[in-house]
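See structure below.
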Amino acid sequence: RHVFGTPNKKEQCYDNLKISRSAWDTNLVKANPLFLSVNLEIGGGGAFAVIPLGHTGRIDPPAFTGHTSAVLDTDFNPFNDHIVASCAEDCRVMVWRIPEGGPKQNIETPALTLNGHGRKVGHVLFHPSAENVLLSASGDFTVKIWDVSQGAQQQELVGHTELIQGITWSYDGALAVTTCKDKRIRVFDVRSNTIVHEAPGHQGVKGTRVEWMGALDKFVTTGFSRSSERQVYFWDLKKMSEPLRQENIDTASGLIVPKFDADTSVLYLAGKGDGNIRYYEWTDDDRGFFPLSEYKSSDPLRGIGFLPKRACAINECEVARIFKVHPTFIEPISFKVPRKSDAFQADIFPDTVGPEAALTADEYFGGKTLPPKLISLENGFVPAAAAKEFVTSAPAPTDIGAAAVRGPQTEKEYQDAYHSLRKENDDLKNQVSQRDAKIRQLESQIEGLLRRA
(Lines give C-alpha, C1' and ligand atoms only; values in the text may rest on other atoms or scores of the structure.)
Protein backbone atom coordinates (compact mmCIF):
# COMPACT_ATOMS: atom_id res chain seq x y z
CA ARG A 1 0.00 0.00 0.00
CA HIS A 2 3.03 2.28 0.26
CA VAL A 3 3.99 2.85 -3.35
CA PHE A 4 5.87 5.98 -4.34
CA GLY A 5 6.62 7.26 -7.82
CA THR A 6 10.00 8.90 -8.51
CA PRO A 7 10.72 10.82 -11.73
CA ASN A 8 14.13 10.62 -13.40
CA LYS A 9 16.47 13.50 -14.20
CA LYS A 10 16.38 14.93 -17.71
CA GLU A 11 19.61 13.16 -18.69
CA GLN A 12 17.92 9.84 -17.83
CA CYS A 13 15.02 10.62 -20.17
CA TYR A 14 14.76 9.98 -23.93
CA ASP A 15 14.99 13.51 -25.29
CA ASN A 16 14.91 15.29 -28.67
CA LEU A 17 12.19 13.05 -30.17
CA LYS A 18 9.72 14.10 -32.88
CA ILE A 19 6.77 12.27 -31.34
CA SER A 20 3.67 11.70 -33.45
CA ARG A 21 0.91 14.33 -33.26
CA SER A 22 -1.75 12.01 -34.69
CA ALA A 23 -5.22 12.55 -33.24
CA TRP A 24 -5.75 8.79 -32.98
CA ASP A 25 -6.17 7.57 -29.40
CA THR A 26 -2.98 5.62 -28.73
CA ASN A 27 -0.46 5.15 -25.94
CA LEU A 28 2.32 6.24 -28.36
CA VAL A 29 4.91 4.14 -26.53
CA LYS A 30 5.53 0.45 -25.72
CA ALA A 31 8.38 -1.21 -23.81
CA ASN A 32 10.00 -4.62 -23.37
CA PRO A 33 13.06 -5.66 -21.30
CA LEU A 34 15.48 -4.36 -23.96
CA PHE A 35 13.80 -1.65 -26.02
CA LEU A 36 11.31 1.19 -26.12
CA SER A 37 9.17 1.92 -29.20
CA VAL A 38 7.63 5.32 -29.93
CA ASN A 39 5.50 6.59 -32.82
CA LEU A 40 7.24 9.40 -34.74
CA GLU A 41 6.11 12.40 -36.79
CA ILE A 42 7.73 12.48 -40.23
CA GLY A 43 6.81 14.07 -43.53
CA GLY A 44 5.46 11.95 -46.36
CA GLY A 45 4.83 8.70 -44.52
CA GLY A 46 4.76 6.92 -41.20
CA ALA A 47 7.55 5.84 -38.88
CA PHE A 48 8.38 4.66 -35.40
CA ALA A 49 11.64 4.33 -33.48
CA VAL A 50 12.98 1.47 -31.36
CA ILE A 51 15.38 2.75 -28.69
CA PRO A 52 17.56 0.57 -26.40
CA LEU A 53 16.52 1.28 -22.80
CA GLY A 54 20.07 2.34 -21.89
CA HIS A 55 20.34 5.00 -24.62
CA THR A 56 19.13 8.09 -22.74
CA GLY A 57 19.76 11.81 -23.08
CA ARG A 58 19.47 13.77 -26.34
CA ILE A 59 19.18 11.18 -29.09
CA ASP A 60 18.39 11.00 -32.79
CA PRO A 61 17.28 7.38 -33.19
CA PRO A 62 17.00 5.57 -36.54
CA ALA A 63 13.42 4.85 -37.62
CA PHE A 64 11.39 2.03 -39.12
CA THR A 65 9.97 3.76 -42.19
CA GLY A 66 8.02 1.12 -44.12
CA HIS A 67 4.53 2.59 -43.67
CA THR A 68 3.20 5.16 -46.12
CA SER A 69 0.90 6.87 -43.56
CA ALA A 70 1.09 7.71 -39.87
CA VAL A 71 1.90 4.81 -37.53
CA LEU A 72 -0.91 4.41 -34.96
CA ASP A 73 0.23 1.58 -32.67
CA THR A 74 3.12 -0.82 -31.99
CA ASP A 75 3.58 -3.92 -29.83
CA PHE A 76 6.57 -6.10 -28.94
CA ASN A 77 6.43 -9.87 -29.20
CA PRO A 78 6.40 -11.02 -25.52
CA PHE A 79 8.43 -14.13 -26.39
CA ASN A 80 10.99 -12.57 -28.71
CA ASP A 81 12.38 -9.20 -27.61
CA HIS A 82 13.75 -8.53 -31.11
CA ILE A 83 10.36 -8.62 -32.89
CA VAL A 84 7.95 -5.66 -33.02
CA ALA A 85 4.64 -5.23 -34.85
CA SER A 86 3.24 -1.94 -36.14
CA CYS A 87 0.02 -0.72 -37.75
CA ALA A 88 -0.84 2.49 -39.55
CA GLU A 89 -3.33 4.55 -41.50
CA ASP A 90 -2.16 2.81 -44.69
CA CYS A 91 -4.32 -0.24 -43.71
CA ARG A 92 -1.24 -2.45 -43.21
CA VAL A 93 0.15 -4.42 -40.30
CA MET A 94 3.92 -4.98 -40.41
CA VAL A 95 6.22 -7.23 -38.38
CA TRP A 96 9.85 -6.15 -38.02
CA ARG A 97 13.12 -7.70 -36.88
CA ILE A 98 15.16 -5.53 -34.48
CA PRO A 99 18.94 -5.91 -34.90
CA GLU A 100 20.97 -6.89 -31.84
CA GLY A 101 21.73 -3.77 -29.81
CA GLY A 102 19.04 -1.80 -31.65
CA PRO A 103 18.95 -0.36 -35.18
CA LYS A 104 21.95 1.67 -36.36
CA GLN A 105 20.24 3.09 -39.48
CA ASN A 106 16.75 3.50 -40.88
CA ILE A 107 14.99 0.23 -41.74
CA GLU A 108 12.57 0.31 -44.67
CA THR A 109 11.66 -3.33 -45.34
CA PRO A 110 9.68 -5.36 -42.75
CA ALA A 111 10.09 -9.07 -42.16
CA LEU A 112 6.38 -9.49 -42.90
CA THR A 113 3.49 -7.38 -44.21
CA LEU A 114 -0.10 -8.37 -43.38
CA ASN A 115 -2.74 -7.03 -45.75
CA GLY A 116 -6.49 -7.46 -45.47
CA HIS A 117 -7.98 -4.54 -43.57
CA GLY A 118 -10.04 -2.09 -45.60
CA ARG A 119 -9.42 0.99 -43.48
CA LYS A 120 -6.75 2.29 -41.10
CA VAL A 121 -5.52 -0.16 -38.47
CA GLY A 122 -5.50 1.34 -34.97
CA HIS A 123 -4.49 -1.50 -32.64
CA VAL A 124 -2.00 -4.39 -32.67
CA LEU A 125 -1.58 -6.78 -29.74
CA PHE A 126 0.37 -10.02 -29.39
CA HIS A 127 -1.20 -13.02 -27.67
CA PRO A 128 -0.26 -13.40 -23.96
CA SER A 129 0.60 -17.12 -24.03
CA ALA A 130 0.76 -18.39 -27.64
CA GLU A 131 3.77 -17.65 -29.81
CA ASN A 132 3.40 -15.76 -33.11
CA VAL A 133 -0.30 -14.96 -32.67
CA LEU A 134 -1.16 -11.32 -33.37
CA LEU A 135 -4.42 -9.37 -33.14
CA SER A 136 -5.22 -6.25 -35.16
CA ALA A 137 -8.28 -3.97 -34.97
CA SER A 138 -9.26 -1.61 -37.78
CA GLY A 139 -11.56 1.22 -38.78
CA ASP A 140 -13.40 -1.31 -40.96
CA PHE A 141 -15.02 -2.51 -37.67
CA THR A 142 -13.26 -5.90 -37.74
CA VAL A 143 -10.61 -7.63 -35.62
CA LYS A 144 -8.27 -10.00 -37.43
CA ILE A 145 -6.23 -12.76 -35.75
CA TRP A 146 -2.98 -13.57 -37.56
CA ASP A 147 -0.46 -16.40 -37.42
CA VAL A 148 2.69 -14.41 -38.17
CA SER A 149 4.79 -17.58 -38.54
CA GLN A 150 2.77 -18.23 -41.71
CA GLY A 151 1.83 -14.64 -42.53
CA ALA A 152 -1.81 -15.74 -42.70
CA GLN A 153 -5.11 -14.60 -41.26
CA GLN A 154 -6.67 -17.33 -39.11
CA GLN A 155 -9.82 -15.62 -37.83
CA GLU A 156 -11.88 -12.47 -38.19
CA LEU A 157 -14.10 -11.11 -35.41
CA VAL A 158 -17.16 -9.24 -36.67
CA GLY A 159 -20.19 -7.69 -34.99
CA HIS A 160 -19.08 -4.13 -34.28
CA THR A 161 -21.24 -1.35 -35.72
CA GLU A 162 -18.85 1.51 -34.98
CA LEU A 163 -15.14 2.21 -34.45
CA ILE A 164 -13.30 -0.12 -32.05
CA GLN A 165 -11.79 2.07 -29.30
CA GLY A 166 -10.19 -0.43 -26.93
CA ILE A 167 -9.24 -4.11 -27.04
CA THR A 168 -7.52 -6.63 -24.78
CA TRP A 169 -6.84 -10.37 -24.53
CA SER A 170 -8.03 -12.42 -21.57
CA TYR A 171 -5.34 -13.84 -19.27
CA ASP A 172 -5.08 -17.12 -21.21
CA GLY A 173 -5.95 -15.58 -24.57
CA ALA A 174 -9.11 -17.63 -25.16
CA LEU A 175 -11.24 -14.46 -25.15
CA ALA A 176 -10.89 -10.91 -26.43
CA VAL A 177 -12.81 -7.93 -25.05
CA THR A 178 -13.58 -4.81 -27.07
CA THR A 179 -15.03 -1.39 -26.32
CA CYS A 180 -16.69 0.39 -29.19
CA LYS A 181 -17.99 3.80 -30.21
CA ASP A 182 -21.49 2.28 -30.23
CA LYS A 183 -21.22 2.16 -26.39
CA ARG A 184 -21.28 -1.65 -26.21
CA ILE A 185 -18.88 -4.03 -24.44
CA ARG A 186 -18.31 -7.28 -26.36
CA VAL A 187 -16.54 -10.44 -25.21
CA PHE A 188 -15.50 -12.72 -28.09
CA ASP A 189 -14.54 -16.36 -28.14
CA VAL A 190 -11.64 -15.77 -30.51
CA ARG A 191 -11.36 -19.15 -32.21
CA SER A 192 -15.09 -19.63 -32.85
CA ASN A 193 -15.79 -15.98 -33.76
CA THR A 194 -18.79 -15.81 -31.44
CA ILE A 195 -19.85 -13.05 -29.06
CA VAL A 196 -20.22 -14.83 -25.71
CA HIS A 197 -21.18 -11.69 -23.76
CA GLU A 198 -22.45 -8.26 -24.76
CA ALA A 199 -23.46 -5.42 -22.45
CA PRO A 200 -24.05 -1.65 -22.52
CA GLY A 201 -20.90 0.23 -21.55
CA HIS A 202 -20.07 3.85 -20.77
CA GLN A 203 -22.72 6.16 -22.19
CA GLY A 204 -20.54 9.20 -22.86
CA VAL A 205 -19.53 10.20 -26.39
CA LYS A 206 -15.76 10.24 -25.74
CA GLY A 207 -13.28 7.36 -25.91
CA THR A 208 -13.13 4.16 -23.86
CA ARG A 209 -10.41 1.68 -22.88
CA VAL A 210 -10.38 -1.87 -21.51
CA GLU A 211 -7.84 -3.89 -19.48
CA TRP A 212 -8.01 -7.52 -18.30
CA MET A 213 -7.40 -8.08 -14.57
CA GLY A 214 -4.77 -10.80 -14.50
CA ALA A 215 -5.86 -14.36 -13.67
CA LEU A 216 -9.26 -13.13 -12.44
CA ASP A 217 -12.32 -13.61 -14.65
CA LYS A 218 -12.73 -9.84 -14.54
CA PHE A 219 -11.80 -6.81 -16.58
CA VAL A 220 -11.94 -3.05 -16.14
CA THR A 221 -13.13 -0.38 -18.56
CA THR A 222 -12.68 3.40 -18.46
CA GLY A 223 -14.83 5.97 -20.19
CA PHE A 224 -17.29 8.82 -19.63
CA SER A 225 -20.84 9.25 -18.42
CA ARG A 226 -23.50 11.22 -20.31
CA SER A 227 -22.56 14.24 -18.18
CA SER A 228 -18.84 13.79 -19.11
CA GLU A 229 -17.73 12.40 -15.76
CA ARG A 230 -14.75 10.08 -16.03
CA GLN A 231 -15.74 6.56 -14.97
CA VAL A 232 -14.20 3.20 -14.12
CA TYR A 233 -16.34 0.06 -14.48
CA PHE A 234 -15.38 -3.38 -13.18
CA TRP A 235 -16.92 -6.38 -14.95
CA ASP A 236 -17.30 -10.03 -13.93
CA LEU A 237 -17.71 -12.64 -16.67
CA LYS A 238 -20.13 -14.54 -14.43
CA LYS A 239 -22.56 -11.59 -14.41
CA MET A 240 -22.30 -9.38 -17.45
CA SER A 241 -25.77 -7.83 -17.26
CA GLU A 242 -24.30 -4.87 -15.37
CA PRO A 243 -20.90 -3.77 -14.01
CA LEU A 244 -19.71 -5.44 -10.82
CA ARG A 245 -18.68 -2.01 -9.52
CA GLN A 246 -18.87 1.56 -10.82
CA GLU A 247 -16.65 4.45 -9.78
CA ASN A 248 -16.80 8.09 -10.87
CA ILE A 249 -13.32 9.65 -10.81
CA ASP A 250 -13.69 13.35 -11.76
CA THR A 251 -14.91 15.63 -14.56
CA ALA A 252 -11.65 16.20 -16.46
CA SER A 253 -11.71 15.85 -20.26
CA GLY A 254 -8.82 13.44 -20.95
CA LEU A 255 -9.36 9.72 -21.50
CA ILE A 256 -8.15 7.52 -18.63
CA VAL A 257 -5.64 4.80 -19.57
CA PRO A 258 -5.90 1.77 -17.21
CA LYS A 259 -3.11 -0.68 -16.39
CA PHE A 260 -3.61 -3.55 -13.94
CA ASP A 261 -0.60 -5.09 -12.20
CA ALA A 262 -1.77 -8.64 -11.52
CA ASP A 263 1.20 -9.38 -9.22
CA THR A 264 0.33 -6.68 -6.67
CA SER A 265 -3.38 -6.18 -7.58
CA VAL A 266 -2.73 -2.50 -8.18
CA LEU A 267 -4.67 -0.61 -10.84
CA TYR A 268 -2.89 2.42 -12.33
CA LEU A 269 -5.08 5.12 -13.91
CA ALA A 270 -3.39 7.79 -16.02
CA GLY A 271 -5.54 10.46 -17.65
CA LYS A 272 -4.39 11.99 -20.92
CA GLY A 273 -3.65 15.65 -20.30
CA ASP A 274 -3.29 14.98 -16.55
CA GLY A 275 -0.08 15.48 -14.63
CA ASN A 276 -0.95 12.91 -11.98
CA ILE A 277 -1.13 9.11 -12.09
CA ARG A 278 -3.56 7.55 -9.62
CA TYR A 279 -3.23 4.03 -8.33
CA TYR A 280 -5.69 1.83 -6.45
CA GLU A 281 -5.72 -1.60 -4.87
CA TRP A 282 -8.21 -4.22 -5.95
CA THR A 283 -9.27 -6.91 -3.48
CA ASP A 284 -11.45 -9.70 -4.80
CA ASP A 285 -14.01 -9.42 -2.00
CA ASP A 286 -16.74 -7.06 -0.76
CA ARG A 287 -14.30 -4.20 -0.16
CA GLY A 288 -13.23 -4.22 -3.78
CA PHE A 289 -11.52 -1.05 -4.89
CA PHE A 290 -9.87 1.65 -2.78
CA PRO A 291 -7.26 4.36 -3.46
CA LEU A 292 -3.64 4.03 -2.42
CA SER A 293 -1.99 7.28 -3.48
CA GLU A 294 -1.09 9.23 -6.60
CA TYR A 295 1.98 10.43 -8.41
CA LYS A 296 1.75 14.19 -8.95
CA SER A 297 3.36 16.30 -11.63
CA SER A 298 2.65 19.63 -13.29
CA ASP A 299 3.47 18.25 -16.78
CA PRO A 300 0.54 16.69 -18.66
CA LEU A 301 1.05 13.31 -20.31
CA ARG A 302 0.30 12.49 -23.95
CA GLY A 303 0.76 8.74 -23.70
CA ILE A 304 2.01 6.07 -21.35
CA GLY A 305 3.76 2.69 -21.47
CA PHE A 306 4.66 0.05 -18.87
CA LEU A 307 7.81 -2.04 -18.53
CA PRO A 308 7.18 -5.81 -18.05
CA LYS A 309 7.49 -6.74 -14.38
CA ARG A 310 10.39 -9.14 -14.98
CA ALA A 311 12.53 -6.22 -16.23
CA CYS A 312 11.99 -3.99 -13.16
CA ALA A 313 14.76 -3.41 -10.60
CA ILE A 314 13.83 -6.16 -8.13
CA ASN A 315 16.73 -5.35 -5.75
CA GLU A 316 15.35 -1.79 -5.41
CA CYS A 317 11.76 -3.00 -4.80
CA GLU A 318 10.62 -1.38 -8.05
CA VAL A 319 7.11 -2.72 -8.62
CA ALA A 320 6.45 -0.71 -11.81
CA ARG A 321 8.23 1.51 -14.29
CA ILE A 322 6.09 3.82 -16.37
CA PHE A 323 7.22 5.67 -19.50
CA LYS A 324 5.42 9.02 -19.64
CA VAL A 325 5.23 10.73 -23.03
CA HIS A 326 5.83 14.50 -23.19
CA PRO A 327 5.72 16.55 -26.43
CA THR A 328 9.43 16.03 -27.23
CA PHE A 329 10.74 13.47 -24.73
CA ILE A 330 9.83 10.32 -22.78
CA GLU A 331 10.28 10.26 -19.01
CA PRO A 332 10.75 7.00 -17.04
CA ILE A 333 8.99 7.02 -13.64
CA SER A 334 9.92 4.34 -11.08
CA PHE A 335 7.29 3.15 -8.59
CA LYS A 336 8.93 1.60 -5.55
CA VAL A 337 7.86 0.11 -2.22
CA PRO A 338 10.31 1.16 0.53
CA ARG A 339 11.67 -1.80 2.52
CA LYS A 340 14.45 -1.84 5.10
CA SER A 341 15.57 -5.39 4.37
CA ASP A 342 17.79 -6.25 1.40
CA ALA A 343 16.24 -9.72 1.19
CA PHE A 344 13.98 -10.74 -1.68
CA GLN A 345 10.45 -9.44 -1.04
CA ALA A 346 8.27 -12.37 -2.04
CA ASP A 347 5.04 -10.61 -1.05
CA ILE A 348 5.41 -7.91 -3.71
CA PHE A 349 7.23 -10.10 -6.25
CA PRO A 350 5.28 -13.33 -6.68
CA ASP A 351 5.93 -15.49 -9.73
CA THR A 352 5.31 -13.35 -12.80
CA VAL A 353 4.84 -13.80 -16.54
CA GLY A 354 8.05 -15.05 -18.15
CA PRO A 355 9.60 -14.83 -21.64
CA GLU A 356 8.67 -18.35 -22.77
CA ALA A 357 5.48 -19.15 -24.70
CA ALA A 358 3.10 -21.77 -23.30
CA LEU A 359 1.72 -22.69 -26.75
CA THR A 360 2.63 -22.66 -30.40
CA ALA A 361 0.34 -20.92 -32.86
CA ASP A 362 -0.77 -24.28 -34.31
CA GLU A 363 -1.69 -25.59 -30.84
CA TYR A 364 -3.65 -22.42 -30.09
CA PHE A 365 -5.64 -22.42 -33.33
CA GLY A 366 -6.15 -26.16 -32.85
CA GLY A 367 -8.18 -25.41 -29.72
CA LYS A 368 -5.63 -25.73 -26.91
CA THR A 369 -5.66 -23.10 -24.13
CA LEU A 370 -2.99 -22.51 -21.47
CA PRO A 371 -2.20 -19.55 -19.19
CA PRO A 372 1.18 -17.79 -19.51
CA LYS A 373 4.22 -19.54 -18.08
CA LEU A 374 5.42 -17.94 -14.83
CA ILE A 375 8.96 -17.44 -13.52
CA SER A 376 10.41 -16.57 -10.12
CA LEU A 377 12.26 -13.27 -9.74
CA GLU A 378 14.15 -14.27 -6.59
CA ASN A 379 17.42 -14.59 -8.50
CA GLY A 380 16.64 -11.66 -10.80
CA PHE A 381 16.04 -11.72 -14.54
CA VAL A 382 18.48 -10.98 -17.33
CA PRO A 383 16.98 -10.65 -20.84
CA ALA A 384 18.79 -12.41 -23.66
CA ALA A 385 20.82 -9.85 -25.61
CA ALA A 386 21.18 -12.16 -28.62
CA ALA A 387 18.36 -11.93 -31.13
CA LYS A 388 16.11 -14.99 -31.17
CA GLU A 389 15.52 -16.31 -34.68
CA PHE A 390 12.20 -15.38 -36.25
CA VAL A 391 11.07 -17.62 -39.11
CA THR A 392 8.00 -17.04 -41.25
CA SER A 393 6.82 -19.08 -44.21
CA ALA A 394 5.20 -16.00 -45.76
CA PRO A 395 6.84 -14.82 -49.02
CA ALA A 396 9.57 -12.26 -48.50
CA PRO A 397 8.84 -8.68 -49.58
CA THR A 398 9.93 -8.14 -53.20
CA ASP A 399 11.89 -5.19 -54.48
CA ILE A 400 8.78 -4.02 -56.36
CA GLY A 401 6.71 -4.22 -53.17
CA ALA A 402 9.40 -2.38 -51.22
CA ALA A 403 9.53 0.35 -53.87
CA ALA A 404 5.76 0.67 -53.70
CA VAL A 405 5.95 1.08 -49.95
CA ARG A 406 8.72 3.69 -50.22
CA GLY A 407 6.79 5.74 -52.80
CA PRO A 408 8.35 8.41 -55.06
CA GLN A 409 11.78 9.65 -54.01
CA THR A 410 12.95 12.16 -56.67
CA GLU A 411 11.30 15.28 -58.11
CA LYS A 412 10.72 13.52 -61.44
CA GLU A 413 9.06 10.57 -59.68
CA TYR A 414 6.79 12.97 -57.78
CA GLN A 415 5.84 14.75 -61.05
CA ASP A 416 5.13 11.43 -62.78
CA ALA A 417 3.02 10.28 -59.82
CA TYR A 418 1.11 13.60 -59.85
CA HIS A 419 0.30 13.39 -63.58
CA SER A 420 -0.68 9.75 -63.24
CA LEU A 421 -3.07 10.52 -60.38
CA ARG A 422 -4.49 13.52 -62.26
CA LYS A 423 -5.17 11.36 -65.33
CA GLU A 424 -6.79 8.70 -63.14
CA ASN A 425 -8.95 11.39 -61.48
CA ASP A 426 -10.08 12.76 -64.87
CA ASP A 427 -10.95 9.24 -66.07
CA LEU A 428 -13.03 8.63 -62.95
CA LYS A 429 -14.85 11.94 -63.43
CA ASN A 430 -15.68 10.97 -67.02
CA GLN A 431 -17.00 7.60 -65.89
CA VAL A 432 -19.21 9.26 -63.26
CA SER A 433 -20.56 11.76 -65.83
CA GLN A 434 -21.38 8.94 -68.27
CA ARG A 435 -23.17 6.98 -65.56
CA ASP A 436 -25.15 10.07 -64.49
CA ALA A 437 -26.26 10.58 -68.11
CA LYS A 438 -27.23 6.92 -68.39
CA ILE A 439 -29.23 7.13 -65.13
CA ARG A 440 -31.12 10.22 -66.35
CA GLN A 441 -31.87 8.45 -69.66
CA LEU A 442 -33.22 5.37 -67.86
CA GLU A 443 -35.29 7.54 -65.50
CA SER A 444 -36.92 9.33 -68.47
CA GLN A 445 -37.67 5.99 -70.16
CA ILE A 446 -39.30 4.71 -66.96
CA GLU A 447 -41.42 7.87 -66.65
CA GLY A 448 -42.56 7.47 -70.29
CA LEU A 449 -43.55 3.87 -69.70
CA LEU A 450 -45.48 4.84 -66.55
CA ARG A 451 -47.39 7.58 -68.42
CA ARG A 452 -48.34 5.16 -71.23
CA ALA A 453 -49.48 2.62 -68.66
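Each chain of the C-alpha coordinates is named A, B, ... in the order shown, its residues numbered from 1; ligands are numbered from 1 in display order.
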Problem - Non-local contacts of Ile51 (chain A) (8 Å; only C-alpha atoms; under 6 positions in same chain excluded) as a ChimeraX atom specification - result: /A:35-37,61,102
Exercise for the section: Do a neighbour search on Glu378 (chain A) at 9 Å with only C-alpha atoms, toss out local chain neighbours closer than 5 positions, and write the hits as a PyMOL selection string. Expected result: chain A and resi 314+344-346+349-351
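Nearest-residue note for Ala47 (chain A): choosing from A:Val196, A:Leu72, A:Ala23, A:Leu269, the minimum distance belongs to A:Leu72, counting only C-alpha atoms.
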Problem - Expected answer as a PyMOL selection string: strand (DSSP E) residues in region 99-152 of chain A - result: chain A and resi 112-114+121-126+133-138+143-147+152
Practice task
Compile the contact shell of Val124 (chain A) as an NGL selection string: residues with an atom at most 7 Å away, counting only C-alpha atoms, same-chain residues fewer than 3 positions apart removed.
Solution key: :A and (73-75 or 86-87 or 135-137)
Using the selection just defined, write its residues with all heavy atoms as a short mmCIF file (atom, residue, chain, number, x, y, z; two decimals), in the first residue's frame.
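Final output, selection.cif:
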```
data_model
loop_
_atom_site.label_atom_id
_atom_site.label_comp_id
_atom_site.auth_asym_id
_atom_site.auth_seq_id
_atom_site.Cartn_x
_atom_site.Cartn_y
_atom_site.Cartn_z
N ASP A 73 0.00 2.42 -33.86
CA ASP A 73 0.23 1.58 -32.67
C ASP A 73 1.38 0.62 -32.95
O ASP A 73 1.64 0.26 -34.11
CB ASP A 73 -1.04 0.80 -32.33
CG ASP A 73 -1.00 0.18 -30.93
OD1 ASP A 73 -0.18 0.65 -30.10
OD2 ASP A 73 -1.78 -0.76 -30.65
N THR A 74 2.07 0.20 -31.90
CA THR A 74 3.12 -0.82 -31.99
C THR A 74 2.98 -1.77 -30.81
O THR A 74 2.36 -1.44 -29.79
CB THR A 74 4.53 -0.20 -31.96
OG1 THR A 74 4.70 0.55 -30.73
CG2 THR A 74 4.77 0.72 -33.14
N ASP A 75 3.55 -2.97 -30.95
CA ASP A 75 3.58 -3.92 -29.83
C ASP A 75 4.74 -4.87 -30.01
O ASP A 75 5.00 -5.35 -31.12
CB ASP A 75 2.26 -4.70 -29.74
CG ASP A 75 2.12 -5.45 -28.42
OD1 ASP A 75 2.58 -4.90 -27.39
OD2 ASP A 75 1.57 -6.56 -28.40
N SER A 86 3.73 -3.31 -36.02
CA SER A 86 3.24 -1.94 -36.14
C SER A 86 2.01 -1.93 -37.03
O SER A 86 1.82 -2.82 -37.87
CB SER A 86 4.32 -1.01 -36.71
OG SER A 86 4.67 -1.42 -38.03
N CYS A 87 1.18 -0.91 -36.87
CA CYS A 87 0.02 -0.72 -37.75
C CYS A 87 -0.12 0.77 -38.02
O CYS A 87 0.38 1.61 -37.27
CB CYS A 87 -1.25 -1.29 -37.13
SG CYS A 87 -1.76 -0.48 -35.59
N LEU A 135 -3.08 -9.93 -32.95
CA LEU A 135 -4.42 -9.37 -33.14
C LEU A 135 -4.30 -7.97 -33.72
O LEU A 135 -3.41 -7.21 -33.33
CB LEU A 135 -5.13 -9.36 -31.79
CG LEU A 135 -6.43 -8.61 -31.54
CD1 LEU A 135 -7.14 -9.25 -30.34
CD2 LEU A 135 -6.19 -7.14 -31.22
N SER A 136 -5.18 -7.62 -34.64
CA SER A 136 -5.22 -6.25 -35.16
C SER A 136 -6.66 -5.79 -35.28
O SER A 136 -7.54 -6.57 -35.67
CB SER A 136 -4.51 -6.15 -36.53
OG SER A 136 -5.17 -6.94 -37.50
N ALA A 137 -6.93 -4.54 -34.91
CA ALA A 137 -8.28 -3.97 -34.97
C ALA A 137 -8.25 -2.74 -35.87
O ALA A 137 -7.33 -1.93 -35.81
CB ALA A 137 -8.77 -3.60 -33.58
#
```
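Between Thr328 (chain A) and the residues A:Lys18, A:Arg58, A:His117, A:Lys183, the shortest atom-to-atom distance, using only C-alpha atoms, involves A:Lys18.
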Problem - Contacts of Leu175 (chain A) at 10 Å (only C-alpha atoms; same-chain gap of 2+ positions) as a ChimeraX atom specification - result: /A:168-173,177,187-191,193-196
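Using only C-alpha atoms, the contacts of Ile333 (chain A) at a cut-off of 10 Å, with sequence neighbours closer than 6 positions omitted, comprise Phe4, Gly5, Thr6, Pro7, Asn8, Lys9, Cys13, Tyr295, Phe306, Ala320, Arg321, Ile322, Phe323 and Lys324 of chain A.
Distance-wise, CA of Pro110 (chain A) and CA of Ala152 (chain A) end up 15.5 Å apart.
Backbone DSSP over region 110-325 of chain A gives helix (DSSP H, G or I) for Lys309, Arg310, Ala311, Ile314, Asn315 and Glu316 of chain A.
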Fill in the blank from the handout: Shortest contact to Lys104 (chain A), candidates A:Leu28, A:Lys144, A:Ala63, A:Lys259, atoms counted only C-alpha atoms, goes to A:Ala63
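Across A:Ala270, A:Met240, A:Val3, A:Leu53, the tightest approach to Arg184 (chain A) is made by A:Met240 when counting only C-alpha atoms.
With only C-alpha atoms as the atoms that count, the minimum distance from Val382 (chain A) to the choices A:Gly271, A:Asp60, A:Gly116, A:Leu34 is reached by A:Leu34.
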Got a sec: who's within 6 Å of region 201-205 of chain A, counting only C-alpha atoms, leaving out chain neighbours fewer than 6 positions off, as a tab-separated table (two decimals) with all heavy atoms, in the first residue's frame?
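Contents of the output file selection-v1.tsv:
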```tsv
chain	number	residue	atom	x	y	z
A	183	LYS	N	-20.96	2.22	-27.83
A	183	LYS	CA	-21.22	2.16	-26.39
A	183	LYS	C	-21.57	0.75	-25.91
A	183	LYS	O	-22.29	0.59	-24.92
A	183	LYS	CB	-22.31	3.15	-25.98
A	183	LYS	CG	-22.01	4.59	-26.41
A	183	LYS	CD	-23.16	5.52	-26.14
A	183	LYS	CE	-22.88	6.91	-26.69
A	183	LYS	NZ	-24.00	7.84	-26.51
A	184	ARG	N	-21.05	-0.27	-26.59
A	184	ARG	CA	-21.28	-1.65	-26.21
A	184	ARG	C	-19.94	-2.32	-25.84
A	184	ARG	O	-18.90	-2.05	-26.43
A	184	ARG	CB	-21.92	-2.45	-27.35
A	184	ARG	CG	-23.20	-1.86	-27.90
A	184	ARG	CD	-24.37	-1.97	-26.97
A	184	ARG	NE	-24.75	-3.37	-26.75
A	184	ARG	CZ	-25.72	-3.73	-25.90
A	184	ARG	NH1	-26.37	-2.82	-25.19
A	184	ARG	NH2	-26.03	-5.00	-25.76
A	185	ILE	N	-20.02	-3.19	-24.83
A	185	ILE	CA	-18.88	-4.03	-24.44
A	185	ILE	C	-19.13	-5.42	-25.03
A	185	ILE	O	-20.20	-5.99	-24.83
A	185	ILE	CB	-18.75	-4.14	-22.91
A	185	ILE	CG1	-18.78	-2.76	-22.24
A	185	ILE	CG2	-17.50	-4.92	-22.53
A	185	ILE	CD1	-17.58	-1.92	-22.45
A	223	GLY	N	-14.10	5.19	-19.21
A	223	GLY	CA	-14.83	5.97	-20.19
A	223	GLY	C	-15.49	7.17	-19.53
A	223	GLY	O	-15.01	7.67	-18.49
A	224	PHE	N	-16.62	7.61	-20.10
A	224	PHE	CA	-17.29	8.82	-19.63
A	224	PHE	C	-18.79	8.57	-19.49
A	224	PHE	O	-19.37	7.76	-20.22
A	224	PHE	CB	-17.07	9.97	-20.62
A	224	PHE	CG	-15.64	10.43	-20.72
A	224	PHE	CD1	-14.74	9.75	-21.54
A	224	PHE	CD2	-15.20	11.53	-20.00
A	224	PHE	CE1	-13.43	10.16	-21.64
A	224	PHE	CE2	-13.88	11.94	-20.09
A	224	PHE	CZ	-12.99	11.26	-20.92
A	225	SER	N	-19.39	9.29	-18.56
A	225	SER	CA	-20.84	9.25	-18.42
A	225	SER	C	-21.48	10.25	-19.39
A	225	SER	O	-20.79	10.99	-20.08
A	225	SER	CB	-21.24	9.61	-16.98
A	225	SER	OG	-20.95	10.98	-16.73
A	226	ARG	N	-22.81	10.27	-19.43
A	226	ARG	CA	-23.50	11.22	-20.31
A	226	ARG	C	-23.17	12.66	-19.93
A	226	ARG	O	-23.17	13.56	-20.77
A	226	ARG	CB	-25.01	11.00	-20.22
A	226	ARG	CG	-25.51	9.79	-21.00
A	226	ARG	CD	-27.02	9.84	-21.17
A	226	ARG	NE	-27.51	8.73	-21.95
A	226	ARG	CZ	-27.93	7.58	-21.45
A	226	ARG	NH1	-27.89	7.40	-20.12
A	226	ARG	NH2	-28.37	6.62	-22.21
```
